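Undergrad: So that you have it, the file is model-v7.csv, and it contains CSV, C-alpha atoms:
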chain,number,residue,atom,x,y,z
S,388,MET,CA,153.5,114.8,101.0
S,389,LYS,CA,150.5,112.7,100.4
S,390,HIS,CA,147.1,114.2,101.0
S,391,PRO,CA,144.3,112.0,102.4
S,392,ALA,CA,141.8,110.6,99.9
S,393,THR,CA,138.5,112.5,99.7
S,394,SER,CA,135.0,111.6,98.9
S,395,PRO,CA,133.1,113.2,96.0
S,396,ALA,CA,131.6,115.6,98.5
S,397,GLY,CA,135.1,116.7,99.5
S,398,ARG,CA,135.1,115.0,102.9
S,399,PRO,CA,138.0,112.7,103.9
S,400,ALA,CA,137.2,109.1,102.8
S,401,ILE,CA,137.2,106.5,105.5
S,402,HIS,CA,138.9,103.2,104.8
S,403,LEU,CA,138.2,100.2,107.0
S,404,ASN,CA,140.2,97.0,107.2
S,405,ALA,CA,138.5,93.6,107.4
S,406,ASP,CA,138.1,93.8,111.1
S,407,GLY,CA,136.7,97.3,111.0
S,408,ARG,CA,134.2,96.3,108.3
S,409,GLN,CA,133.0,93.3,110.3
S,410,SER,CA,132.5,95.5,113.4
S,411,ALA,CA,130.6,98.0,111.4
S,412,ARG,CA,128.3,95.3,110.1
S,413,ILE,CA,127.7,94.0,113.6
S,414,ALA,CA,126.9,97.4,114.9
S,415,ILE,CA,124.4,98.1,112.0
S,416,TYR,CA,122.8,94.7,112.5
S,417,THR,CA,122.4,95.2,116.2
S,418,LEU,CA,120.8,98.7,115.6
S,419,LEU,CA,118.4,97.3,113.1
S,420,CYS,CA,117.4,94.4,115.5
S,421,GLY,CA,116.8,96.9,118.2
S,422,ILE,CA,114.6,99.0,116.0
S,423,VAL,CA,112.5,96.0,114.9
S,424,ALA,CA,112.2,94.7,118.5
S,425,LEU,CA,111.0,98.1,119.6
S,426,CYS,CA,108.4,98.2,116.9
S,427,LEU,CA,107.1,94.8,117.9
S,428,VAL,CA,107.2,95.0,121.7
S,429,VAL,CA,105.9,98.5,122.3
S,430,PRO,CA,102.5,97.9,120.6
S,431,ALA,CA,102.1,94.5,122.4
S,432,ALA,CA,102.8,96.1,125.8
S,433,ALA,CA,100.4,98.9,125.0
S,434,ALA,CA,97.7,96.5,123.9
S,435,SER,CA,98.2,94.4,127.0
S,436,LYS,CA,97.6,97.4,129.3
S,437,ILE,CA,94.3,98.1,127.4
S,438,ALA,CA,93.2,94.4,127.5
S,439,ALA,CA,94.3,93.6,131.0
S,440,SER,CA,93.0,96.6,132.8
S,441,GLY,CA,89.9,97.1,134.9
S,442,ARG,CA,87.4,94.7,136.6
S,443,TYR,CA,85.7,91.6,135.2
S,444,PHE,CA,82.7,89.6,136.5
S,445,CYS,CA,82.9,85.9,135.7
S,446,ASP,CA,80.4,83.1,135.0
S,447,ASP,CA,81.3,81.3,138.3
S,448,GLY,CA,80.3,84.3,140.5
S,449,SER,CA,83.8,85.5,141.0
S,450,ALA,CA,85.5,88.8,140.1
S,451,VAL,CA,88.8,89.4,138.4
S,452,THR,CA,90.7,92.7,138.7
S,453,PHE,CA,93.8,93.7,136.8
S,454,THR,CA,96.1,96.4,138.0
S,455,GLN,CA,99.3,97.9,136.7
S,456,ALA,CA,102.2,98.3,139.1
S,457,ALA,CA,105.9,99.0,139.0
S,458,TYR,CA,106.7,95.3,138.9
S,459,GLY,CA,104.3,94.7,136.0
S,460,THR,CA,100.6,93.5,135.9
S,461,SER,CA,98.9,91.7,138.7
S,462,MET,CA,95.6,89.8,138.6
S,463,MET,CA,93.4,89.5,141.7
S,464,ARG,CA,90.7,86.8,142.0
S,465,ASP,CA,88.9,85.7,145.2
S,466,GLY,CA,91.4,87.6,147.3
S,467,ARG,CA,94.4,86.0,145.8
S,468,GLU,CA,97.0,87.9,143.7
S,469,VAL,CA,98.8,86.5,140.7
S,470,ARG,CA,101.7,88.5,139.4
S,471,LEU,CA,102.0,88.3,135.7
S,472,ALA,CA,105.4,88.5,133.9
S,473,PRO,CA,106.6,92.1,133.8
S,474,ARG,CA,108.1,91.7,130.3
S,475,ALA,CA,106.0,92.0,127.2
S,476,ALA,CA,104.5,88.5,127.5
S,477,PHE,CA,101.2,89.8,126.2
S,478,ARG,CA,100.4,89.6,122.6
S,479,GLY,CA,97.4,91.8,122.1
S,480,PHE,CA,94.7,90.2,124.3
S,481,SER,CA,96.5,87.0,125.3
S,482,TYR,CA,98.9,85.9,128.0
S,483,LYS,CA,100.4,82.6,128.9
S,484,GLY,CA,102.7,81.9,131.8
S,485,GLY,CA,103.0,80.0,135.1
S,486,GLY,CA,100.2,77.5,134.1
S,487,LEU,CA,97.8,80.4,133.5
S,488,SER,CA,96.2,81.3,130.1
S,489,LEU,CA,94.3,84.5,129.5
S,490,ARG,CA,92.6,85.6,126.3
S,491,GLY,CA,90.5,88.7,125.8
S,492,ARG,CA,88.5,90.2,123.0
S,493,GLY,CA,86.6,93.3,122.2
S,494,VAL,CA,87.2,97.0,122.7
S,495,GLU,CA,86.9,99.3,125.6
S,496,GLY,CA,83.4,99.0,127.1
S,497,LYS,CA,82.8,95.6,125.5
S,498,LYS,CA,85.7,93.5,126.6
S,499,THR,CA,85.5,89.8,127.4
S,500,LEU,CA,88.1,87.6,129.1
S,501,SER,CA,88.6,83.8,129.4
S,502,VAL,CA,90.8,82.4,132.2
S,503,GLU,CA,92.1,78.9,132.1
S,504,ALA,CA,94.3,77.1,134.6
S,505,ALA,CA,94.8,73.5,135.7
S,506,ASP,CA,91.5,73.4,137.7
S,507,LEU,CA,89.8,76.6,136.3
S,508,LYS,CA,88.0,77.6,133.1
S,509,ILE,CA,85.8,80.7,133.3
S,510,ALA,CA,84.5,83.4,131.0
S,511,CYS,CA,84.2,87.0,132.2
S,512,ASN,CA,82.8,90.3,131.1
S,513,ALA,CA,84.4,93.7,131.8
S,514,LEU,CA,82.5,96.3,133.8
S,515,PRO,CA,81.8,99.3,131.6
S,516,SER,CA,83.4,102.5,132.8
S,517,ILE,CA,80.2,104.6,132.0
S,518,ALA,CA,76.5,104.0,131.9
S,519,THR,CA,75.8,101.5,129.1
S,520,PRO,CA,72.2,100.8,128.0
S,521,GLY,CA,71.3,97.1,128.2
S,522,VAL,CA,74.0,96.1,130.6
S,523,ALA,CA,73.6,95.5,134.3
S,524,ALA,CA,76.1,94.1,136.8
S,525,GLY,CA,76.7,93.9,140.5
S,526,THR,CA,76.8,91.8,143.6
S,527,ILE,CA,74.5,89.8,145.9
S,528,ALA,CA,74.0,91.1,149.5
S,529,THR,CA,72.8,89.1,152.4
S,530,LYS,CA,72.6,89.7,156.2
S,531,LEU,CA,73.2,86.0,156.9
S,532,ALA,CA,76.1,83.9,155.7
S,533,MET,CA,75.3,81.8,152.6
S,534,ARG,CA,75.9,78.1,152.8
S,535,LEU,CA,75.3,76.9,149.3
S,536,PRO,CA,75.3,73.3,148.1
S,537,PRO,CA,77.5,72.2,145.2
S,538,GLY,CA,75.7,73.0,141.9
S,539,ALA,CA,73.7,75.9,143.3
S,540,VAL,CA,72.5,78.3,140.6
S,541,LEU,CA,72.1,82.0,140.9
S,542,THR,CA,69.5,83.5,138.5
S,543,VAL,CA,69.4,87.3,138.0
S,544,ALA,CA,66.6,88.6,135.8
S,545,VAL,CA,65.6,92.0,134.5
S,546,ARG,CA,61.9,92.8,134.0
S,547,ASP,CA,60.1,95.8,132.8
S,548,THR,CA,57.8,97.1,135.6
S,549,ALA,CA,56.5,100.1,133.7
S,550,ARG,CA,52.9,98.7,133.8
S,551,THR,CA,51.3,97.8,137.1
S,552,ASP,CA,48.3,96.1,135.6
S,553,ALA,CA,50.1,93.4,133.8
S,554,ALA,CA,52.9,90.8,134.3
S,555,ALA,CA,56.3,92.4,134.0
S,556,PRO,CA,57.9,91.1,130.7
S,557,LEU,CA,61.3,89.5,130.9
S,558,LEU,CA,64.0,91.7,129.3
S,559,GLY,CA,67.0,89.4,130.0
S,560,GLN,CA,68.5,87.0,132.5
S,561,VAL,CA,71.6,85.2,133.4
S,562,ARG,CA,72.2,81.9,135.3
S,563,THR,CA,75.5,81.3,137.1
S,564,LYS,CA,76.7,78.2,139.0
S,565,VAL,CA,77.8,79.6,142.3
S,566,GLY,CA,78.1,76.4,144.5
S,567,LYS,CA,81.9,76.9,144.7
S,568,ALA,CA,82.1,80.7,144.5
S,569,ARG,CA,83.4,82.8,147.4
S,570,GLN,CA,81.1,85.6,148.6
S,571,PRO,CA,80.2,88.2,147.7
S,572,LEU,CA,78.7,86.7,144.5
S,573,HIS,CA,79.1,88.7,141.3
S,574,TRP,CA,76.8,88.8,138.2
S,575,TRP,CA,76.8,90.5,134.8
S,576,LEU,CA,74.0,90.4,132.2
S,577,ARG,CA,72.8,92.0,129.0
S,578,TYR,CA,69.1,92.8,128.5
S,579,ASP,CA,66.9,94.3,125.9
S,580,ALA,CA,66.6,98.0,126.9
S,581,VAL,CA,64.0,98.8,124.3
S,582,ARG,CA,61.7,95.8,124.4
S,583,GLY,CA,59.5,96.9,127.2
S,584,VAL,CA,56.9,99.6,127.4
S,585,GLN,CA,58.5,103.0,126.8
S,586,PRO,CA,59.6,104.6,128.9
S,587,ALA,CA,60.7,101.3,130.4
S,588,ARG,CA,61.3,100.8,134.1
S,589,PRO,CA,63.8,97.8,134.2
S,590,ALA,CA,64.0,96.1,137.6
S,591,LEU,CA,66.2,93.3,139.0
S,592,TRP,CA,65.1,90.1,140.6
S,593,ALA,CA,67.3,87.3,141.9
S,594,SER,CA,67.0,83.7,143.2
S,595,ILE,CA,69.3,80.8,144.1
S,596,THR,CA,68.2,77.2,143.6
S,597,ASP,CA,69.8,73.8,144.2
S,598,THR,CA,70.3,71.2,141.6
S,599,ALA,CA,66.7,69.9,142.0
S,600,GLY,CA,65.3,73.4,141.4
S,601,ASN,CA,64.3,74.0,145.1
S,602,LEU,CA,64.4,77.7,146.0
S,603,LEU,CA,67.0,78.5,148.6
S,604,TRP,CA,67.4,82.3,148.5
S,605,THR,CA,65.3,85.0,146.8
S,606,SER,CA,65.2,88.8,146.5
S,607,ASP,CA,63.2,90.6,149.1
S,608,ALA,CA,62.0,93.2,146.6
S,609,LEU,CA,62.3,94.3,143.0
S,610,MET,CA,65.2,96.7,142.6
S,611,PRO,CA,65.4,99.3,139.8
S,612,VAL,CA,68.4,98.9,137.5
S,613,PRO,CA,70.8,101.8,138.5
S,614,ALA,CA,71.0,104.4,135.7
S,615,GLY,CA,74.6,105.4,136.1
S,616,THR,CA,76.0,108.5,134.5
S,617,LYS,CA,78.2,109.6,131.5
S,618,GLU,CA,81.2,109.4,133.9
S,619,ASN,CA,80.5,106.2,135.9
S,620,PHE,CA,78.8,102.8,135.5
S,621,ALA,CA,76.5,102.1,138.5
S,622,GLN,CA,76.6,98.6,140.0
S,623,ALA,CA,73.6,97.0,141.6
S,624,GLU,CA,73.6,95.3,145.0
S,625,ILE,CA,70.7,92.9,145.2
S,626,SER,CA,69.5,92.1,148.7
S,627,MET,CA,68.5,88.4,149.2
S,628,VAL,CA,66.9,86.5,152.0
S,629,PRO,CA,66.8,82.8,152.8
S,630,VAL,CA,63.7,80.7,152.0
S,631,ALA,CA,62.4,78.6,154.9
S,632,PRO,CA,62.6,74.9,154.1
Reformat the file's structure so that it appears as structure tokens.
TA:
Amino acid sequence: MKHPATSPAGRPAIHLNADGRQSARIAIYTLLCGIVALCLVVPAAAASKIAASGRYFCDDGSAVTFTQAAYGTSMMRDGREVRLAPRAAFRGFSYKGGGLSLRGRGVEGKKTLSVEAADLKIACNALPSIATPGVAAGTIATKLAMRLPPGAVLTVAVRDTARTDAAAPLLGQVRTKVGKARQPLHWWLRYDAVRGVQPARPALWASITDTAGNLLWTSDALMPVPAGTKENFAQAEISMVPVAP
């Protein structure tokens, strides 16, 4: 009676024919490919959730919002939703698909985003999740509907109003072409939080002009920059009134 061959450890040795060896190679190759794919895809998907989450205010007066859903990631802009591919199409901070190109940079709290399509090219800044010194953002509020000409420019400025006996120094401002933007208008700016008289009292002022520089809309009063908290970033809603021709 023949006894089965044993391995040095005393266990029965396994002998495979040519077909068996080929199947074993395929199984091992498939397993290794799966492990490599998992290592590559999971970080990309995780990074995409970090990069493509939250709300961004853009340099054309619009807002872009990314949300995560069961079917994948969706992008909302000007009331229109664009569903991005649910698979791991992101590579860190970039996405391409359906004629749309997205590219983001920065870390949480300092993220930027560029959006490009056939008829669109805008740059956006993410809203911080908590109070951030030197950053102000918000919307424009009006009681009357705005009818803005092409090329209209929104200017939002931050001035230090700590002194009442002198002109309020400019701490920062942003100019945004809003002639084609849907309302409400959005704005985002960075200002020098330590340049003014300490303790500074930064306040917001806004105006809208046409291409010739004629004033169309203006703030009805200076508005203090909202302080926010350690848990939330406070947006500012600047009230504007039309200027009589």
Undergrad: Please identify all polymer residues within 10 Å of range 603-613 of chain S, counting only C-alpha atoms, omitting same-chain residues fewer than 4 positions from it, and present them as a PDB file with C-alpha atoms, in the frame of the given file.
TA:
ATOM      1  CA  ALA S 518      76.500 104.000 131.900  1.00  0.00           C
ATOM      2  CA  GLY S 521      71.300  97.100 128.200  1.00  0.00           C
ATOM      3  CA  VAL S 522      74.000  96.100 130.600  1.00  0.00           C
ATOM      4  CA  ALA S 523      73.600  95.500 134.300  1.00  0.00           C
ATOM      5  CA  ALA S 524      76.100  94.100 136.800  1.00  0.00           C
ATOM      6  CA  ILE S 527      74.500  89.800 145.900  1.00  0.00           C
ATOM      7  CA  ALA S 528      74.000  91.100 149.500  1.00  0.00           C
ATOM      8  CA  THR S 529      72.800  89.100 152.400  1.00  0.00           C
ATOM      9  CA  MET S 533      75.300  81.800 152.600  1.00  0.00           C
ATOM     10  CA  ARG S 534      75.900  78.100 152.800  1.00  0.00           C
ATOM     11  CA  LEU S 535      75.300  76.900 149.300  1.00  0.00           C
ATOM     12  CA  PRO S 536      75.300  73.300 148.100  1.00  0.00           C
ATOM     13  CA  ALA S 539      73.700  75.900 143.300  1.00  0.00           C
ATOM     14  CA  VAL S 540      72.500  78.300 140.600  1.00  0.00           C
ATOM     15  CA  LEU S 541      72.100  82.000 140.900  1.00  0.00           C
ATOM     16  CA  THR S 542      69.500  83.500 138.500  1.00  0.00           C
ATOM     17  CA  VAL S 543      69.400  87.300 138.000  1.00  0.00           C
ATOM     18  CA  VAL S 545      65.600  92.000 134.500  1.00  0.00           C
ATOM     19  CA  ARG S 546      61.900  92.800 134.000  1.00  0.00           C
ATOM     20  CA  ASP S 547      60.100  95.800 132.800  1.00  0.00           C
ATOM     21  CA  THR S 548      57.800  97.100 135.600  1.00  0.00           C
ATOM     22  CA  ARG S 588      61.300 100.800 134.100  1.00  0.00           C
ATOM     23  CA  PRO S 589      63.800  97.800 134.200  1.00  0.00           C
ATOM     24  CA  ALA S 590      64.000  96.100 137.600  1.00  0.00           C
ATOM     25  CA  LEU S 591      66.200  93.300 139.000  1.00  0.00           C
ATOM     26  CA  TRP S 592      65.100  90.100 140.600  1.00  0.00           C
ATOM     27  CA  ALA S 593      67.300  87.300 141.900  1.00  0.00           C
ATOM     28  CA  SER S 594      67.000  83.700 143.200  1.00  0.00           C
ATOM     29  CA  ILE S 595      69.300  80.800 144.100  1.00  0.00           C
ATOM     30  CA  THR S 596      68.200  77.200 143.600  1.00  0.00           C
ATOM     31  CA  ASP S 597      69.800  73.800 144.200  1.00  0.00           C
ATOM     32  CA  PHE S 620      78.800 102.800 135.500  1.00  0.00           C
ATOM     33  CA  ALA S 621      76.500 102.100 138.500  1.00  0.00           C
ATOM     34  CA  GLN S 622      76.600  98.600 140.000  1.00  0.00           C
ATOM     35  CA  ALA S 623      73.600  97.000 141.600  1.00  0.00           C
ATOM     36  CA  GLU S 624      73.600  95.300 145.000  1.00  0.00           C
ATOM     37  CA  ILE S 625      70.700  92.900 145.200  1.00  0.00           C
ATOM     38  CA  SER S 626      69.500  92.100 148.700  1.00  0.00           C
ATOM     39  CA  MET S 627      68.500  88.400 149.200  1.00  0.00           C
ATOM     40  CA  VAL S 628      66.900  86.500 152.000  1.00  0.00           C
ATOM     41  CA  PRO S 629      66.800  82.800 152.800  1.00  0.00           C
ATOM     42  CA  VAL S 630      63.700  80.700 152.000  1.00  0.00           C
ATOM     43  CA  ALA S 631      62.400  78.600 154.900  1.00  0.00           C
ATOM     44  CA  PRO S 632      62.600  74.900 154.100  1.00  0.00           C
TER      45      PRO S 632
END
Undergrad: Using CA of Ala568 in chain S and CA of Val469 in chain S as the two end points, give the distance in Å to one decimal.
TA: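 About the pair CA of Ala568 in chain S and CA of Val469 in chain S: they are 18.1 Å apart.
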Undergrad: Distance CA of Tyr578 in chain S-CA of Pro537 in chain S, one decimal place?
TA: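 Separation between CA of Tyr578 in chain S and CA of Pro537 in chain S: 27.8 Å.
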Undergrad: Within 10 Å of (81.9, 95.9, 125.3), in the coordinates the file gives, what residues turn up when you count all atoms listed in the file, written out as number ranges by chain?
TA: S: 492-499, 512-515, 519, 522
Undergrad: Which residue is closest to Leu500 in chain S? Choose from S:Tyr482, S:Arg470, S:Gln455, S:Tyr443 and count only C-alpha atoms.
TA: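 Among the listed residues, S:Tyr443 lies closest to Leu500 in chain S.
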Undergrad: Any idea what the distance is between CA of Lys564 in chain S and CA of Thr454 in chain S?
TA: 26.6 Å
Undergrad: Name the closest residue to Asn619 in chain S among the candidates S:Ile517, S:Val565, S:Ala599, S:Val581; distances are taken between atoms, counting only C-alpha atoms.
TA: S:Ile517
